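Just below is one structure, and these are the notes that go with it.
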Amino acid sequence: GKEDSPSSSNENDEAAAAATELCHRWDLTEAFDRWRFLQKLLDLEITCPHDVNAIVYHVLRRYAQAPRDAAANQGAPERTRERLRLVQTVLHKAADHDDKSVPVLVPPDFVISQELERLLPDPVDEEDAHQSIYDGLVELHGREAVKIDERNGGVEWKASCLAARILLFYDFLQKGLLLKEDDNDGDL
């Protein structure tokens, strides 16, 4: 298959190097540092949208390469065929742009935003998972701040919130960006 080809191995090496570089640039090696990164994202203090888009790409890529059983790995979304298909579709579109990033923090393309929203749990069918993400936003940003920003926030906050929700749901806080041999300790 394509996964065994030399170019695929080279792509994996390049992606790992890019993710490692992002981890060091933003100091994302520890869970607390990733928590602070998400706080800054929601407070609109991050001035490098391409890096946020690249971080979203690497978190989704890690999920697609090493999906986890939600019961065995608290916090990680359950791997379903539909969820994996949606993630792979987003990753393929990102690869088409050749910059290895998911366009979340850009002047929003409605189609992309809807596609990215579908990566998240459905508020009706997956109510607990949906509420868990909202609870994470409240912990990061504060209950009143989330309410105010949801009501009055501009496009930049809505895009930052979408990026944060994706990162929370796909286990960025615990697992970081990189797939590791011992993918249980959460570093990088």
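Here's how to read the names in the structure tokens: chain A, B, ... by the order shown, residue numbers from 1 in each chain, ligand numbers from 1 in the order shown.
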Find the spatial neighbours of range 131-135 of chain A, counting only C-alpha atoms, within a cut-off of 12 Å - ignore same-chain residues fewer than 2 positions away - and output them as a PyMOL selection string. chain A and resi 75-77+120-129+137-143+146-147+150+161-171
Just checking: using only C-alpha atoms, which residue out of A:Arg34, A:Arg25, A:Lys175, A:His50 ends up closest to Leu105 in chain A?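 So, comparing all the options, the nearest one is A:His50.
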Ala18 in chain A surroundings by only C-alpha atoms, 12 Å radius, close-in-sequence under 6 positions cut, as an MDAnalysis selection string: chainID A and resid 11:12 24:25 51 54:55 57:58 99:101 177:178 188
Next, write the just-selected residues to a file, as a compact mmCIF listing (two decimals), in the first residue's frame, keeping all heavy atoms as the atom set.
```txt
# COMPACT_ATOMS: atom_id res chain seq x y z
N GLU A 11 7.48 11.40 4.24
CA GLU A 11 6.43 12.32 4.70
C GLU A 11 6.25 12.21 6.21
O GLU A 11 6.08 13.22 6.89
CB GLU A 11 5.10 12.01 4.01
CG GLU A 11 5.04 12.44 2.57
CD GLU A 11 3.75 11.99 1.89
OE1 GLU A 11 2.75 11.75 2.59
OE2 GLU A 11 3.77 11.85 0.66
N ASN A 12 6.29 10.98 6.74
CA ASN A 12 6.16 10.79 8.19
C ASN A 12 7.32 11.45 8.92
O ASN A 12 7.12 12.08 9.96
CB ASN A 12 6.09 9.30 8.54
CG ASN A 12 4.75 8.70 8.18
OD1 ASN A 12 3.74 9.41 8.07
ND2 ASN A 12 4.72 7.40 7.99
N HIS A 24 8.72 22.69 20.28
CA HIS A 24 9.79 23.47 20.90
C HIS A 24 9.53 24.97 20.79
O HIS A 24 9.75 25.71 21.74
CB HIS A 24 11.15 23.10 20.30
CG HIS A 24 11.56 21.71 20.67
ND1 HIS A 24 11.76 21.31 21.97
CD2 HIS A 24 11.76 20.61 19.90
CE1 HIS A 24 12.09 20.03 21.99
NE2 HIS A 24 12.08 19.58 20.76
N ARG A 25 9.04 25.43 19.62
CA ARG A 25 8.78 26.87 19.43
C ARG A 25 7.73 27.37 20.41
O ARG A 25 7.85 28.46 20.96
CB ARG A 25 8.33 27.14 17.99
CG ARG A 25 8.11 28.63 17.75
CD ARG A 25 7.82 29.01 16.32
NE ARG A 25 8.19 28.02 15.35
CZ ARG A 25 7.45 27.70 14.28
NH1 ARG A 25 6.33 28.32 14.05
NH2 ARG A 25 7.84 26.78 13.44
N ASP A 51 0.76 28.69 12.68
CA ASP A 51 1.21 27.71 13.67
C ASP A 51 0.02 27.01 14.33
O ASP A 51 0.06 25.79 14.55
CB ASP A 51 2.09 28.36 14.74
CG ASP A 51 3.52 28.58 14.27
OD1 ASP A 51 3.85 28.21 13.11
OD2 ASP A 51 4.31 29.14 15.05
N ALA A 54 -1.22 24.54 11.90
CA ALA A 54 -0.30 23.41 11.82
C ALA A 54 -0.45 22.50 13.04
O ALA A 54 -0.40 21.27 12.92
CB ALA A 54 1.14 23.90 11.69
N ILE A 55 -0.67 23.08 14.21
CA ILE A 55 -0.87 22.27 15.42
C ILE A 55 -2.15 21.44 15.29
O ILE A 55 -2.16 20.24 15.60
CB ILE A 55 -0.87 23.17 16.67
CG1 ILE A 55 0.57 23.67 16.93
CG2 ILE A 55 -1.44 22.45 17.89
CD1 ILE A 55 0.67 24.79 17.95
N TYR A 57 -3.44 20.42 12.52
CA TYR A 57 -3.11 19.39 11.54
C TYR A 57 -2.40 18.22 12.22
O TYR A 57 -2.76 17.05 12.02
CB TYR A 57 -2.22 19.97 10.44
CG TYR A 57 -1.64 18.93 9.50
CD1 TYR A 57 -2.39 18.46 8.44
CD2 TYR A 57 -0.38 18.41 9.72
CE1 TYR A 57 -1.88 17.49 7.58
CE2 TYR A 57 0.15 17.44 8.88
CZ TYR A 57 -0.60 16.99 7.81
OH TYR A 57 -0.10 16.01 6.97
N HIS A 58 -1.38 18.51 13.03
CA HIS A 58 -0.59 17.43 13.64
C HIS A 58 -1.39 16.65 14.68
O HIS A 58 -1.20 15.43 14.81
CB HIS A 58 0.70 17.99 14.24
CG HIS A 58 1.69 18.39 13.18
ND1 HIS A 58 2.34 17.47 12.38
CD2 HIS A 58 2.10 19.60 12.76
CE1 HIS A 58 3.12 18.10 11.53
NE2 HIS A 58 2.99 19.40 11.74
N ASP A 99 1.04 22.78 2.77
CA ASP A 99 1.66 23.47 3.89
C ASP A 99 1.42 22.75 5.21
O ASP A 99 1.78 23.24 6.26
CB ASP A 99 1.20 24.92 3.97
CG ASP A 99 -0.27 25.06 4.32
OD1 ASP A 99 -0.98 24.03 4.38
OD2 ASP A 99 -0.71 26.19 4.55
N LYS A 100 0.80 21.58 5.16
CA LYS A 100 0.58 20.76 6.34
C LYS A 100 -0.06 21.53 7.48
O LYS A 100 0.44 21.56 8.60
CB LYS A 100 1.90 20.11 6.80
CG LYS A 100 2.60 19.30 5.74
CD LYS A 100 1.82 18.08 5.36
CE LYS A 100 2.58 17.16 4.43
NZ LYS A 100 2.17 17.23 3.06
N SER A 101 -1.16 22.18 7.14
CA SER A 101 -1.93 22.86 8.18
C SER A 101 -3.41 22.80 7.82
O SER A 101 -3.76 22.63 6.66
CB SER A 101 -1.47 24.31 8.34
OG SER A 101 -1.84 25.09 7.24
N LEU A 177 1.30 16.55 20.22
CA LEU A 177 1.28 16.51 18.76
C LEU A 177 1.80 15.22 18.16
O LEU A 177 1.38 14.82 17.09
CB LEU A 177 2.15 17.65 18.18
CG LEU A 177 1.80 19.06 18.57
CD1 LEU A 177 2.72 20.03 17.83
CD2 LEU A 177 0.37 19.37 18.28
N LEU A 178 2.77 14.61 18.80
CA LEU A 178 3.50 13.51 18.17
C LEU A 178 3.04 12.15 18.64
O LEU A 178 2.75 11.95 19.81
CB LEU A 178 5.00 13.63 18.45
CG LEU A 178 5.72 14.78 17.78
CD1 LEU A 178 7.17 14.82 18.23
CD2 LEU A 178 5.65 14.66 16.28
N LEU A 188 5.49 15.70 24.20
CA LEU A 188 5.44 16.12 22.80
C LEU A 188 4.13 15.69 22.24
O LEU A 188 3.77 15.71 21.19
CB LEU A 188 6.60 15.56 21.99
CG LEU A 188 7.99 16.08 22.36
CD1 LEU A 188 9.02 15.49 21.42
CD2 LEU A 188 8.10 17.57 22.33
```
Could you pull out the alpha helix (DSSP H) residues of chain A from DSSP and send them as an MDAnalysis selection string? chainID A and resid 6:25 31:42 49:65 81:96 110:117 127:141 143:152 155:169 172:175
So how many Å separate CA of Val106 in chain A and CA of Ala159 in chain A, to one decimal?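 CA of Ala159 in chain A lies at a distance of 7.9 Å from CA of Val106 in chain A.
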Gln88 in chain A environment, 10 Å, only C-alpha atoms, sequence neighbours closer than 6 positions dropped, as a PyMOL selection string: chain A and resi 60-61+63-65+82+94
